[in-house]
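For reference, the structure is listed below as C-alpha cells.
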Amino acid sequence: MAKNREFGNRRLHSLLGVIPIGLFLIFHLSVNFMATKGEETFNTAAHAIEYVPMLIVVEWVVIYLPLIFHAVYGIYIAFTAKNNLGRFGFFRNWMFMLQRLTGIITLIFLVWHIWATRIQKALGAEVNFDMMAEIFSSPFMVAFYIVGVISAIFHFANGLWSFAVSWGLTITPKSQKIMTYVTLVVFVVLSYIGVSAIFAFV
C-alpha cells in the first residue's frame, strides 16, 4: 500500500513538474524575453497578466499549490535518493544527481524571486522594467539570477526526460536517446531566452 502511494506521489510530482509548472516556466520566460524588445514592450506584456479573471485564484491553483507539492516532495526525493556517482559515473547518473542539485538551487532562487517581485507587488510596488533593472544593478544579482534561471531550465528540461520514462512515453533505449537530444535542445533554447532577458534589464 505504501509503495503504491509512493509510486502515485512520484508520478504526480513528475506530472506537475511539466503541467502546469513547466508550461508556466515557458510562459514566464517568454514574457521576460519581451524585455529584449524594449521597456514599453515588456511592461505591456507584464501588465497583461493582471487582466486574467480571478488572478489570485488562478495563481494559487495553477502555480503555487502545484509548486509547493512539487518542491516539498522534491526535497524528500532529493534527500532520500541514492546517488551512484562513485560506482557508476555514466551520463544518466550525472543527470540524476544534477536533477536533484538544480532542484534545491531552483527552490532557493524561486523563494527569493517571489519575495522580490510578487510579494513586493502585494506590498504596493509595481512589477515593471524599472523594478527588474534595479534588481540587476547589482552584479551579484545578475550572477544569482543567471544561476537560478539556468538551474530552473535544466531541472525542467531534464525532468521532461524523466517524465517521458515514468509515464511510459519512451520505453525503448532508442526513444530515450532521442528524448535526450530533444531535452538538450529545450535546455539550450530556453537558456538563451532566459539569459537574454536578464541582460536586457542590465
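Each chain in the C-alpha cells gets a letter, A, B and so on, in the order shown; residues start at 1 in every chain, and ligands are counted from 1 in the order they appear.
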Exercise. Can you tell me, as a VMD selection string, what residues are no more than 8 Å from stretch 22-25 of chain A when counting only C-alpha atoms, ignoring any on the same chain fewer than 6 positions away?
Worked result: chain A and resid 16 63 156
Next, dump the selected residues to file, keeping only all heavy atoms, as an mmCIF file, in the first residue's frame.
data_model
loop_
_atom_site.group_PDB
_atom_site.id
_atom_site.type_symbol
_atom_site.label_atom_id
_atom_site.label_comp_id
_atom_site.auth_asym_id
_atom_site.auth_seq_id
_atom_site.Cartn_x
_atom_site.Cartn_y
_atom_site.Cartn_z
ATOM 1 N N LEU A 16 3.233 17.280 -12.371
ATOM 2 C CA LEU A 16 3.121 18.699 -12.012
ATOM 3 C C LEU A 16 4.349 19.480 -12.452
ATOM 4 O O LEU A 16 4.260 20.680 -12.732
ATOM 5 C CB LEU A 16 2.924 18.847 -10.495
ATOM 6 C CG LEU A 16 1.592 18.346 -9.941
ATOM 7 C CD1 LEU A 16 1.558 18.486 -8.423
ATOM 8 C CD2 LEU A 16 0.422 19.101 -10.568
ATOM 9 N N ILE A 63 -0.291 27.668 -10.101
ATOM 10 C CA ILE A 63 1.137 27.868 -9.846
ATOM 11 C C ILE A 63 1.547 27.444 -8.432
ATOM 12 O O ILE A 63 2.333 26.506 -8.253
ATOM 13 C CB ILE A 63 1.541 29.342 -10.081
ATOM 14 C CG1 ILE A 63 1.174 29.774 -11.495
ATOM 15 C CG2 ILE A 63 3.041 29.518 -9.846
ATOM 16 C CD1 ILE A 63 1.326 31.260 -11.743
ATOM 17 N N PHE A 156 13.778 21.566 -15.428
ATOM 18 C CA PHE A 156 12.597 21.309 -16.252
ATOM 19 C C PHE A 156 12.933 20.416 -17.445
ATOM 20 O O PHE A 156 12.242 19.422 -17.703
ATOM 21 C CB PHE A 156 11.996 22.625 -16.737
ATOM 22 C CG PHE A 156 10.992 22.467 -17.841
ATOM 23 C CD1 PHE A 156 9.789 21.810 -17.615
ATOM 24 C CD2 PHE A 156 11.248 22.962 -19.117
ATOM 25 C CE1 PHE A 156 8.861 21.641 -18.639
ATOM 26 C CE2 PHE A 156 10.323 22.808 -20.141
ATOM 27 C CZ PHE A 156 9.122 22.143 -19.902
#
Exercise. What's the 9 Å shell around A:Met34, counting only C-alpha atoms, without same-chain residues fewer than 5 positions away, as a ChimeraX atom specification?
Worked result: /A:29,39,41-43,45-46,197,200
Just N, CA, C and O atoms for this one: save the residues we selected as a CSV table (one decimal), in the first residue's frame.
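The result, stored in part-v2.csv:
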chain,number,residue,atom,x,y,z
A,29,LEU,N,9.2,32.9,-19.0
A,29,LEU,CA,10.4,33.2,-19.8
A,29,LEU,C,10.1,34.0,-21.0
A,29,LEU,O,10.8,34.9,-21.4
A,39,GLU,N,11.6,48.5,-23.1
A,39,GLU,CA,11.0,48.7,-21.8
A,39,GLU,C,9.4,48.7,-22.0
A,39,GLU,O,8.7,48.1,-21.2
A,41,THR,N,7.5,47.4,-24.4
A,41,THR,CA,7.0,46.1,-24.7
A,41,THR,C,7.0,45.2,-23.6
A,41,THR,O,6.0,44.4,-23.4
A,42,PHE,N,8.0,45.2,-22.7
A,42,PHE,CA,8.0,44.3,-21.5
A,42,PHE,C,6.9,44.7,-20.6
A,42,PHE,O,6.2,43.9,-20.1
A,43,ASN,N,6.7,46.0,-20.3
A,43,ASN,CA,5.7,46.5,-19.4
A,43,ASN,C,4.3,46.1,-19.9
A,43,ASN,O,3.5,45.7,-19.1
A,45,ALA,N,3.5,43.5,-21.8
A,45,ALA,CA,3.4,42.1,-21.6
A,45,ALA,C,3.2,41.7,-20.1
A,45,ALA,O,2.4,40.8,-19.8
A,46,ALA,N,4.0,42.3,-19.2
A,46,ALA,CA,3.9,42.0,-17.8
A,46,ALA,C,2.6,42.4,-17.2
A,46,ALA,O,2.0,41.7,-16.4
A,197,ALA,N,17.0,37.7,-21.6
A,197,ALA,CA,16.1,38.5,-20.8
A,197,ALA,C,16.8,39.2,-19.7
A,197,ALA,O,16.6,40.4,-19.4
A,200,ALA,N,18.9,42.0,-20.9
A,200,ALA,CA,18.1,43.1,-21.4
A,200,ALA,C,17.7,44.1,-20.3
A,200,ALA,O,17.5,45.3,-20.6
Exercise. Quick one: distance from atom CA of A:Gly103 to atom CA of A:His155 in Å, one decimal?
Worked result: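 Computed distance, atom CA of A:Gly103 to atom CA of A:His155, equals 6.2 Å.
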Exercise. Of the candidates A:Ile49, A:Leu107, A:Val18, A:Val202, which shows the shortest atom-to-atom distance to A:Phe136, using only C-alpha atoms?
Worked result: A:Val202
